[in-house]
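Student: Got a structure for you, written out below as structure tokens; questions coming shortly.
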Amino acid sequence: MKYFVFSIKILTIAIAISFVFPMLNTKYQILDTSSAQAQSVDIGIYPPVFQIQVTTPSDVKIPFSVENFTNSSVPLTIALQPFSADQAEDGNITYLQAVDYPDPNLPERIQVWDGDNSIGALTLGPQQKKDLTLEVQIPDNEPKGDYYLSLIFSSDTNSSNNTNSSQASAGIASNILLSIGPVGKASGDIEDFSTPFLVAKGPVPFTVRVRNTSDHYVTPTGNIEITNMFGQIIGKVNLLPVNILANTIRRLPDSAQSNPNSNDYQNIKAVVDSNSFPVAIWPEKFLVGPYTAKLTLAMSDSGPLFTKQIVFFAFPLEYLAAILPIIGLIIFIAVRVSRSRKRL
């Protein structure tokens, strides 16, 4: 399969994934995805992300599958497109027209195999699932570095007069995160950990922004523990392990958002929808008093480990509405009593 850079336009594709629903346009989510539904095409690809960390030399072969869920045949073309992390820090990616890879020829050594045949296109029959193999050939003299590419399967492709460009009406992609090592130690920091200081009720959203200063992608893990005024741990929010590309920042959501069909997700859906960016959410609804939230984050299995604490205060507005008249009455009585004493 030849590697070429092209511009791609994907129309009205809803990706059914375990976390969010990104669009295959000039952006694509680097998160767990399983299938795609479009107006004219309904196809799925698994796995949605290829995470490859190798040393030289290597010949990596990874099985994967593409499935057609419709009752019609679907012709697909296969292409590779480099990407970088989007500046929104939300896990979306931006496709690149030019990229400065340590080895610009490496993508040419990435191939898709159907049995013993290297392919650049295929046709899926009605309800057909096709087992394929992704091969990455890495020679002994390959320079160290990270390569981020989307393996795109697109349908109804109409080639233009420019052989370096094409347009597709629908498609799906699996992202390739390739680190050629040896991979160094993970490094980074907690860029931001915050929540509104005063909340009227839960669920409570936490902003968790993590910076990866490594020269390779990382998949941090962590949680947020919430304690009350008595020092008792009354809540715990597990963060969703997501990929953070080298030298980028990403906002981390909670693990309950990995399954939009679960009851846990439905309990926080309104808060998820009301936030423009990913947030980690503590689902507790009834809150009164001061609370301390402690974030613990590991950049990798071997560290480093970071912690950060914040304090926030909760007081229901309906309680305030009920208490204010009582406070007003107490003040009024106190003033009257004080004036009566002065007269005496």
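Letters for chains follow the order of the structure tokens (A, B, ...), residue numbers begin at 1 for each chain, and ligand numbers begin at 1 in the order shown.
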Hey, what does DSSP flag as strand (DSSP E) within region 91-330 of chain A? Can you give it to me as a PyMOL selection string?

Tutor: chain A and resi 92-95+110-114+117-119+121-124+129-138+145-155+158-159+166-167+170-180+188-194+198-199+204-212+221-227+233-238+248-251+280-282+289-298+305-314

Student: For region 191-279 of chain A against region 177-181 of chain A, with a cut-off of 9 Å and counting only C-alpha atoms, what is the closest atom pair and its distance in Å to one decimal for every residue that makes the cut, ordered by chain and number, as a Markdown table?

Tutor:
```
| residue | atom | partner | partner_atom | distance |
| --- | --- | --- | --- | --- |
| A:His216 | CA | A:Ser179 | CA | 6.3 |
| A:Tyr217 | CA | A:Ser179 | CA | 7.6 |
| A:Leu245 | CA | A:Leu177 | CA | 8.6 |
```

Student: Restricting the output to C-alpha atoms, write the selected residues as a short mmCIF file (atom, residue, chain, number, x, y, z; two decimals), in the first residue's frame.

Tutor:
```cif
data_model
loop_
_atom_site.label_atom_id
_atom_site.label_comp_id
_atom_site.auth_asym_id
_atom_site.auth_seq_id
_atom_site.Cartn_x
_atom_site.Cartn_y
_atom_site.Cartn_z
CA HIS A 216 6.69 9.35 23.25
CA TYR A 217 2.99 8.91 23.95
CA LEU A 245 0.76 12.25 22.51
#
```

Student: Excluding Gly120 (chain A) and any residue of its chain fewer than 2 positions from it, enumerate the residues within 10 Å of it, using only C-alpha atoms, and give them as a ChimeraX atom specification.

Tutor: /A:1-3,76-79,111-114,117-118,122,153

Student: At a cut-off of 10 Å, can you tabulate as JSON lines every residue of region 229-285 of chain A near region 206-214 of chain A together with its closest atom pair and the distance in Å to one decimal, using only C-alpha atoms and ordering rows by chain then number?

Tutor:
```
{"residue": "A:Val237", "atom": "CA", "partner": "A:Phe206", "partner_atom": "CA", "distance": 9.8}
{"residue": "A:Leu239", "atom": "CA", "partner": "A:Val208", "partner_atom": "CA", "distance": 9.2}
{"residue": "A:Asn243", "atom": "CA", "partner": "A:Asn212", "partner_atom": "CA", "distance": 9.9}
{"residue": "A:Ile244", "atom": "CA", "partner": "A:Asn212", "partner_atom": "CA", "distance": 6.5}
{"residue": "A:Leu245", "atom": "CA", "partner": "A:Asn212", "partner_atom": "CA", "distance": 7.1}
{"residue": "A:Ala246", "atom": "CA", "partner": "A:Ser214", "partner_atom": "CA", "distance": 5.6}
{"residue": "A:Asn247", "atom": "CA", "partner": "A:Thr213", "partner_atom": "CA", "distance": 4.6}
{"residue": "A:Thr248", "atom": "CA", "partner": "A:Asn212", "partner_atom": "CA", "distance": 5.6}
{"residue": "A:Ile249", "atom": "CA", "partner": "A:Arg211", "partner_atom": "CA", "distance": 4.3}
{"residue": "A:Arg250", "atom": "CA", "partner": "A:Val210", "partner_atom": "CA", "distance": 5.5}
{"residue": "A:Arg251", "atom": "CA", "partner": "A:Arg209", "partner_atom": "CA", "distance": 4.4}
{"residue": "A:Leu252", "atom": "CA", "partner": "A:Val208", "partner_atom": "CA", "distance": 5.5}
{"residue": "A:Pro253", "atom": "CA", "partner": "A:Val208", "partner_atom": "CA", "distance": 7.6}
{"residue": "A:Asp254", "atom": "CA", "partner": "A:Phe206", "partner_atom": "CA", "distance": 9.3}
{"residue": "A:Phe277", "atom": "CA", "partner": "A:Thr207", "partner_atom": "CA", "distance": 8.7}
{"residue": "A:Pro278", "atom": "CA", "partner": "A:Thr207", "partner_atom": "CA", "distance": 7.6}
{"residue": "A:Val279", "atom": "CA", "partner": "A:Thr207", "partner_atom": "CA", "distance": 5.2}
{"residue": "A:Ala280", "atom": "CA", "partner": "A:Phe206", "partner_atom": "CA", "distance": 5.0}
{"residue": "A:Ile281", "atom": "CA", "partner": "A:Phe206", "partner_atom": "CA", "distance": 6.0}
{"residue": "A:Trp282", "atom": "CA", "partner": "A:Phe206", "partner_atom": "CA", "distance": 7.9}
```

Student: Using only C-alpha atoms, which protein or nucleic acid residues come within 12 Å of Tyr265 (chain A)? Drop anything in the same chain fewer than 4 positions from it, and give the result as an mmCIF file with N, CA and C atoms, in the first residue's frame.

Tutor:
```cif
data_model
loop_
_atom_site.group_PDB
_atom_site.id
_atom_site.type_symbol
_atom_site.label_atom_id
_atom_site.label_comp_id
_atom_site.auth_asym_id
_atom_site.auth_seq_id
_atom_site.Cartn_x
_atom_site.Cartn_y
_atom_site.Cartn_z
ATOM 1 N N SER A 18 -16.827 4.100 23.121
ATOM 2 C CA SER A 18 -17.066 3.865 24.533
ATOM 3 C C SER A 18 -16.852 5.106 25.377
ATOM 4 N N PHE A 19 -16.599 6.264 24.739
ATOM 5 C CA PHE A 19 -16.375 7.449 25.563
ATOM 6 C C PHE A 19 -17.129 8.646 25.033
ATOM 7 N N VAL A 20 -16.802 9.073 23.806
ATOM 8 C CA VAL A 20 -17.484 10.194 23.200
ATOM 9 C C VAL A 20 -17.808 9.834 21.762
ATOM 10 N N PRO A 203 -23.970 16.553 40.455
ATOM 11 C CA PRO A 203 -22.586 16.087 40.368
ATOM 12 C C PRO A 203 -21.581 17.227 40.186
ATOM 13 N N PRO A 253 -11.136 12.654 31.289
ATOM 14 C CA PRO A 253 -12.466 12.403 31.821
ATOM 15 C C PRO A 253 -12.419 11.269 32.845
ATOM 16 N N ASP A 254 -13.581 10.930 33.399
ATOM 17 C CA ASP A 254 -13.657 9.804 34.330
ATOM 18 C C ASP A 254 -14.043 8.539 33.583
ATOM 19 N N SER A 255 -13.808 7.402 34.221
ATOM 20 C CA SER A 255 -14.028 6.111 33.574
ATOM 21 C C SER A 255 -15.502 5.802 33.339
ATOM 22 N N ALA A 256 -16.417 6.453 34.078
ATOM 23 C CA ALA A 256 -17.845 6.207 33.869
ATOM 24 C C ALA A 256 -18.281 6.627 32.476
ATOM 25 N N GLN A 257 -17.513 7.515 31.836
ATOM 26 C CA GLN A 257 -17.864 7.996 30.506
ATOM 27 C C GLN A 257 -17.413 7.033 29.403
ATOM 28 N N SER A 258 -16.823 5.904 29.794
ATOM 29 C CA SER A 258 -16.384 4.928 28.801
ATOM 30 C C SER A 258 -17.550 4.159 28.194
ATOM 31 N N ASN A 259 -18.695 4.164 28.857
ATOM 32 C CA ASN A 259 -19.856 3.425 28.352
ATOM 33 C C ASN A 259 -21.103 4.306 28.433
ATOM 34 N N PRO A 260 -21.460 4.991 27.342
ATOM 35 C CA PRO A 260 -22.620 5.893 27.357
ATOM 36 C C PRO A 260 -23.944 5.197 27.629
ATOM 37 N N ASN A 261 -23.971 3.877 27.560
ATOM 38 C CA ASN A 261 -25.226 3.147 27.796
ATOM 39 C C ASN A 261 -25.395 2.718 29.251
ATOM 40 N N LYS A 269 -24.708 12.449 32.724
ATOM 41 C CA LYS A 269 -24.819 12.882 31.335
ATOM 42 C C LYS A 269 -25.107 14.379 31.209
ATOM 43 N N ALA A 270 -25.981 14.904 32.059
ATOM 44 C CA ALA A 270 -26.329 16.323 31.974
ATOM 45 C C ALA A 270 -25.101 17.206 32.204
ATOM 46 N N VAL A 271 -24.237 16.792 33.131
ATOM 47 C CA VAL A 271 -23.023 17.567 33.404
ATOM 48 C C VAL A 271 -22.031 17.431 32.255
ATOM 49 N N VAL A 272 -21.922 16.220 31.701
ATOM 50 C CA VAL A 272 -21.045 16.006 30.542
ATOM 51 C C VAL A 272 -21.472 16.910 29.394
ATOM 52 N N ASP A 273 -22.780 16.949 29.114
ATOM 53 C CA ASP A 273 -23.295 17.730 27.993
ATOM 54 C C ASP A 273 -23.151 19.234 28.215
ATOM 55 N N ALA A 280 -13.772 15.273 34.565
ATOM 56 C CA ALA A 280 -13.999 14.108 35.423
ATOM 57 C C ALA A 280 -15.087 14.480 36.414
ATOM 58 N N ILE A 281 -16.066 13.606 36.609
ATOM 59 C CA ILE A 281 -17.266 13.992 37.355
ATOM 60 C C ILE A 281 -17.482 13.094 38.569
ATOM 61 N N TRP A 282 -17.682 13.746 39.718
ATOM 62 C CA TRP A 282 -18.097 13.048 40.940
ATOM 63 C C TRP A 282 -19.623 13.045 40.949
ATOM 64 N N PRO A 283 -20.276 11.882 40.911
ATOM 65 C CA PRO A 283 -21.723 11.836 40.699
ATOM 66 C C PRO A 283 -22.575 12.177 41.915
#
```

Student: How many Å lie between CA of Thr292 (chain A) and CA of Thr195 (chain A), rounded to one decimal?

Tutor: 10.9 Å

Student: So how many Å separate CA of Thr227 (chain A) and CA of Phe286 (chain A), to one decimal?

Tutor: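 Here the two named atoms are 14.3 Å from each other.
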
Student: Have a look at CA of Tyr291 (chain A) and CA of Gly202 (chain A) and let me know their distance in Å, one decimal.

Tutor: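 These atoms are spaced 12.3 Å apart.
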
Student: As a PyMOL selection string, please: the residues near Met229 (chain A) (cut-off 12 Å, only C-alpha atoms, same-chain neighbours under 6 positions excluded).

Tutor: chain A and resi 287-293+311-314

Student: Print the selection's residues with N, CA and C atoms to a file, as a tab-separated table (two decimals), in the first residue's frame.

Tutor:
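Contents of selection.tsv, freshly written:
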```tsv
chain	number	residue	atom	x	y	z
A	287	LEU	N	-24.86	17.64	48.60
A	287	LEU	CA	-23.59	18.08	49.19
A	287	LEU	C	-23.83	19.28	50.09
A	288	VAL	N	-23.18	19.25	51.26
A	288	VAL	CA	-23.23	20.37	52.20
A	288	VAL	C	-21.88	20.49	52.90
A	289	GLY	N	-21.29	21.67	52.88
A	289	GLY	CA	-20.07	21.91	53.64
A	289	GLY	C	-18.81	21.91	52.79
A	290	PRO	N	-17.65	21.96	53.45
A	290	PRO	CA	-16.37	21.97	52.73
A	290	PRO	C	-15.92	20.54	52.38
A	291	TYR	N	-15.24	20.42	51.26
A	291	TYR	CA	-14.72	19.14	50.80
A	291	TYR	C	-13.30	19.34	50.27
A	292	THR	N	-12.52	18.27	50.37
A	292	THR	CA	-11.17	18.27	49.82
A	292	THR	C	-11.08	17.18	48.76
A	293	ALA	N	-10.58	17.56	47.59
A	293	ALA	CA	-10.40	16.61	46.50
A	293	ALA	C	-8.91	16.42	46.26
A	311	VAL	N	-9.70	22.47	47.46
A	311	VAL	CA	-10.82	22.54	48.39
A	311	VAL	C	-11.99	23.23	47.70
A	312	PHE	N	-13.19	22.72	47.92
A	312	PHE	CA	-14.38	23.39	47.41
A	312	PHE	C	-15.48	23.31	48.46
A	313	PHE	N	-16.46	24.18	48.33
A	313	PHE	CA	-17.53	24.29	49.33
A	313	PHE	C	-18.87	24.11	48.64
A	314	ALA	N	-19.76	23.34	49.29
A	314	ALA	CA	-21.08	23.07	48.73
A	314	ALA	C	-22.17	23.51	49.69
```
